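Structure record follows, encoded as structure tokens.
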Amino acid sequence: RAVRCSVWPAKARRPQRRPRRCHYPAAASAISTANRAVCCLRKAAAAREHELPPVLVLHGGNQSAHSWDLVSLHLADRFHVYALDQRGHGDSEWARDADYASEAMAVDALSFLADLAVPYGGSGPIVMGHSMGGIVTMSLAVQQPEVPRALVIVDSGPRFEAEGTKTIRDFITANVEFDSIDEFVDRVQAYDPFRTREHMERTARYNLVRRADGKYISKSDRVLHQEGTRRAPASGE
């Protein structure tokens, strides 16, 4: 696959056919992979970013790269952290072929690492995946086990309980649009009482977009919430 990465505001030509701009701070990248644009958020100590070992973090379903913000801040003095908006999520482009299988998402991540010329093996990246991102992380390691130095799998695994998967899927399909961000947070808090409301409110502002009619909806591709879509198993969305 042809992959190109440019750090905005660089002078290099931006990738074509993006649905919208990347709304991240200056340390943001746009990667063009097989005519699909993927956004990346980077964090590292500026004076040492080229010396620090790389960490690639992959978010859960219906979330975005910003779900890793607090973790990235804790790691940025020791690692160069790359947080991807995976295809169909956040500010990355939706898959035109509606392919959201973990294998396809893993190819995106591997293409990104290849574009950075990240070394393999002992000097390679630590890949961290949460929930859906954990499935993608495992798929990445199966496809090219020589790439990651280590894996960190959070709230995920090679097998899933049908009851838990159904609970997550039911919540997503029943919560499509909202009159306000507060309404969305109220529903999430009832579903997941273990996170603070402050944290929910912060991440919601990155995960939602306001339609012309005033309703708020998730930035993720709506096809992700339909039965039969090729995607990683429902997990922690």
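Identifiers in this document derive from the order of the structure tokens: chains are assigned A, B, ..., residues are numbered from 1 separately in each chain, and ligands are numbered from 1 in order of occurrence.
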Open item on the list: as a ChimeraX atom specification, please: the residues near His130 in chain A (cut-off 9 Å, only C-alpha atoms, same-chain neighbours under 2 positions excluded).
Closed with: /A:57-61,128,132-135,137,152-156,235-236
Task: Which of range 32-123 of chain A fall in strand (DSSP E or B), as a PyMOL selection string - done: chain A and resi 32-33+36-43+54-58+80-84+99-100
TODO: Run DSSP on the backbone of this structure and report the residues of range 4-194 of chain A it assigns to helix (DSSP H, G or I), as a PyMOL selection string.
DONE: chain A and resi 46-48+65-75+102-115+121-123+132-143+162-174+181-191
Return as a Markdown table the residues of range 43-82 of chain A lying at most 9 Å from range 203-208 of chain A, together with the closest atom-to-atom pair for each and the distance in Å to one decimal, counting only C-alpha atoms, with rows in chain order and ascending residue number.
| residue | atom | partner | partner_atom | distance |
| --- | --- | --- | --- | --- |
| A:Asn62 | CA | A:Asn207 | CA | 7.5 |
| A:Gln63 | CA | A:Asn207 | CA | 6.0 |
| A:Ser64 | CA | A:Asn207 | CA | 6.3 |
| A:Ala65 | CA | A:Tyr206 | CA | 9.0 |
| A:His66 | CA | A:Thr203 | CA | 6.7 |
| A:Ser67 | CA | A:Thr203 | CA | 6.3 |
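Comparing the minimum interatomic distances between Pro53 in chain A and each of A:Leu110, A:Trp68, A:His74, A:Val118, counting only C-alpha atoms, we find that A:Val118 sits nearest.
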Open item on the list: Just the number, please: distance in Å from CA of Glu93 in chain A to CA of Ala37 in chain A, one decimal.
Closed with: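 We find that CA of Glu93 in chain A and CA of Ala37 in chain A lie 5.3 Å from each other.
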- [ ] Name all residues at most 12 Å from Ala174 in chain A (count only C-alpha atoms; drop same-chain ones fewer than 2 positions away) and give them as JSON, numbers by chain.
- [x] {"A": [166, 167, 168, 169, 170, 171, 172, 176, 177, 178, 184, 187, 188, 191, 225, 226]}
Kindly save the residues from that selection, with N, CA, C and O atoms included, as a CSV table (one decimal), in the first residue's frame.
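What landed in selection_26.csv:
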chain,number,residue,atom,x,y,z
A,166,LYS,N,-23.3,-8.7,23.8
A,166,LYS,CA,-24.7,-8.3,23.5
A,166,LYS,C,-25.0,-7.0,24.3
A,166,LYS,O,-25.7,-6.1,23.8
A,167,THR,N,-24.5,-6.9,25.6
A,167,THR,CA,-24.8,-5.8,26.4
A,167,THR,C,-24.2,-4.5,25.8
A,167,THR,O,-24.8,-3.5,25.7
A,168,ILE,N,-23.0,-4.6,25.3
A,168,ILE,CA,-22.3,-3.5,24.6
A,168,ILE,C,-23.0,-3.1,23.3
A,168,ILE,O,-23.4,-1.9,23.1
A,169,ARG,N,-23.4,-4.1,22.5
A,169,ARG,CA,-24.0,-3.8,21.2
A,169,ARG,C,-25.4,-3.2,21.5
A,169,ARG,O,-25.8,-2.3,20.7
A,170,ASP,N,-26.1,-3.7,22.4
A,170,ASP,CA,-27.5,-3.2,22.7
A,170,ASP,C,-27.4,-1.7,23.1
A,170,ASP,O,-28.2,-0.9,22.7
A,171,PHE,N,-26.4,-1.3,23.9
A,171,PHE,CA,-26.2,0.0,24.4
A,171,PHE,C,-25.9,0.9,23.2
A,171,PHE,O,-26.5,2.0,23.0
A,172,ILE,N,-25.1,0.5,22.3
A,172,ILE,CA,-24.7,1.3,21.1
A,172,ILE,C,-25.9,1.5,20.2
A,172,ILE,O,-26.2,2.6,19.7
A,176,VAL,N,-28.3,6.5,19.7
A,176,VAL,CA,-27.8,6.9,18.4
A,176,VAL,C,-27.7,8.4,18.3
A,176,VAL,O,-26.7,9.0,17.8
A,177,GLU,N,-28.7,9.2,18.8
A,177,GLU,CA,-28.6,10.6,18.7
A,177,GLU,C,-29.1,11.2,20.0
A,177,GLU,O,-29.9,10.6,20.8
A,178,PHE,N,-28.6,12.5,20.3
A,178,PHE,CA,-28.9,13.1,21.6
A,178,PHE,C,-29.1,14.6,21.4
A,178,PHE,O,-28.6,15.2,20.5
A,184,PHE,N,-26.1,12.7,26.5
A,184,PHE,CA,-25.2,11.5,26.1
A,184,PHE,C,-24.4,11.1,27.4
A,184,PHE,O,-24.4,9.9,27.7
A,187,ARG,N,-26.5,9.0,29.8
A,187,ARG,CA,-26.7,7.6,29.4
A,187,ARG,C,-25.5,6.8,29.6
A,187,ARG,O,-25.6,5.7,30.1
A,188,VAL,N,-24.3,7.4,29.3
A,188,VAL,CA,-23.1,6.6,29.5
A,188,VAL,C,-22.8,6.4,31.0
A,188,VAL,O,-22.4,5.3,31.4
A,191,TYR,N,-24.8,3.5,32.2
A,191,TYR,CA,-24.2,2.3,31.6
A,191,TYR,C,-22.9,1.9,32.2
A,191,TYR,O,-22.6,0.7,32.5
A,225,HIS,N,-22.6,0.1,13.4
A,225,HIS,CA,-23.6,-0.3,14.4
A,225,HIS,C,-24.7,-1.2,13.7
A,225,HIS,O,-25.7,-1.4,14.3
A,226,GLN,N,-24.4,-1.6,12.5
A,226,GLN,CA,-25.4,-2.5,11.8
A,226,GLN,C,-24.9,-3.9,11.9
A,226,GLN,O,-23.7,-4.2,11.8
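Across A:Val136, A:Cys39, A:Ala190, A:Ala101, the tightest approach to His89 in chain A is made by A:Cys39 when counting only C-alpha atoms.
CA of Arg149 in chain A is positioned 6.6 Å from CA of Ser123 in chain A.
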Task: 12 Å contact set for Arg48 in chain A, only C-alpha atoms, chain neighbours under 4 positions out, as number ranges by chain - done: A: 43-44, 52-54, 76-80
With N, CA and C atoms retained, export the selected residues as a tab-separated table (two decimals), in the first residue's frame.
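For reference, part_6.tsv as written:
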chain	number	residue	atom	x	y	z
A	43	LYS	N	2.32	12.62	21.04
A	43	LYS	CA	2.78	13.27	22.27
A	43	LYS	C	4.17	12.76	22.60
A	44	ALA	N	5.08	13.71	22.90
A	44	ALA	CA	6.44	13.37	23.31
A	44	ALA	C	7.11	14.64	23.79
A	52	LEU	N	13.18	9.07	21.83
A	52	LEU	CA	12.34	8.26	22.71
A	52	LEU	C	11.79	7.04	21.98
A	53	PRO	N	11.67	5.91	22.67
A	53	PRO	CA	11.11	4.71	22.04
A	53	PRO	C	9.64	4.91	21.71
A	54	PRO	N	9.17	4.34	20.59
A	54	PRO	CA	7.79	4.57	20.15
A	54	PRO	C	6.78	3.69	20.86
A	76	ALA	N	4.65	10.62	28.05
A	76	ALA	CA	5.33	11.46	27.06
A	76	ALA	C	6.75	11.84	27.44
A	77	ASP	N	7.12	11.72	28.71
A	77	ASP	CA	8.50	12.05	29.09
A	77	ASP	C	9.45	10.89	28.86
A	78	ARG	N	8.89	9.69	28.58
A	78	ARG	CA	9.72	8.50	28.38
A	78	ARG	C	9.51	7.84	27.03
A	79	PHE	N	8.40	8.17	26.36
A	79	PHE	CA	8.07	7.52	25.10
A	79	PHE	C	7.54	8.55	24.11
A	80	HIS	N	7.66	8.21	22.84
A	80	HIS	CA	7.02	8.98	21.77
A	80	HIS	C	5.72	8.26	21.45
Open item on the list: Ranking A:Arg211, A:Arg197, A:Lys219, A:His50 by minimum distance to Asp182 in chain A and counting only C-alpha atoms, which one comes first?
Closed with: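 Among the listed residues, the smallest separation from Asp182 in chain A belongs to A:Arg197.
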- [ ] Using only C-alpha atoms, determine which residues lie at most 9 Å from Lys215 in chain A, disregarding the query and same-chain residues fewer than 2 positions distant; provide the list as a ChimeraX atom specification.
- [x] /A:177-180,209-213,217
Task: Leu56 in chain A environment, 7 Å, only C-alpha atoms, sequence neighbours closer than 4 positions dropped, as a PyMOL selection string - done: chain A and resi 81-83+125-128
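Taking CA of Val107 in chain A as the reference point, CA of Val223 in chain A is found at 19.9 Å.
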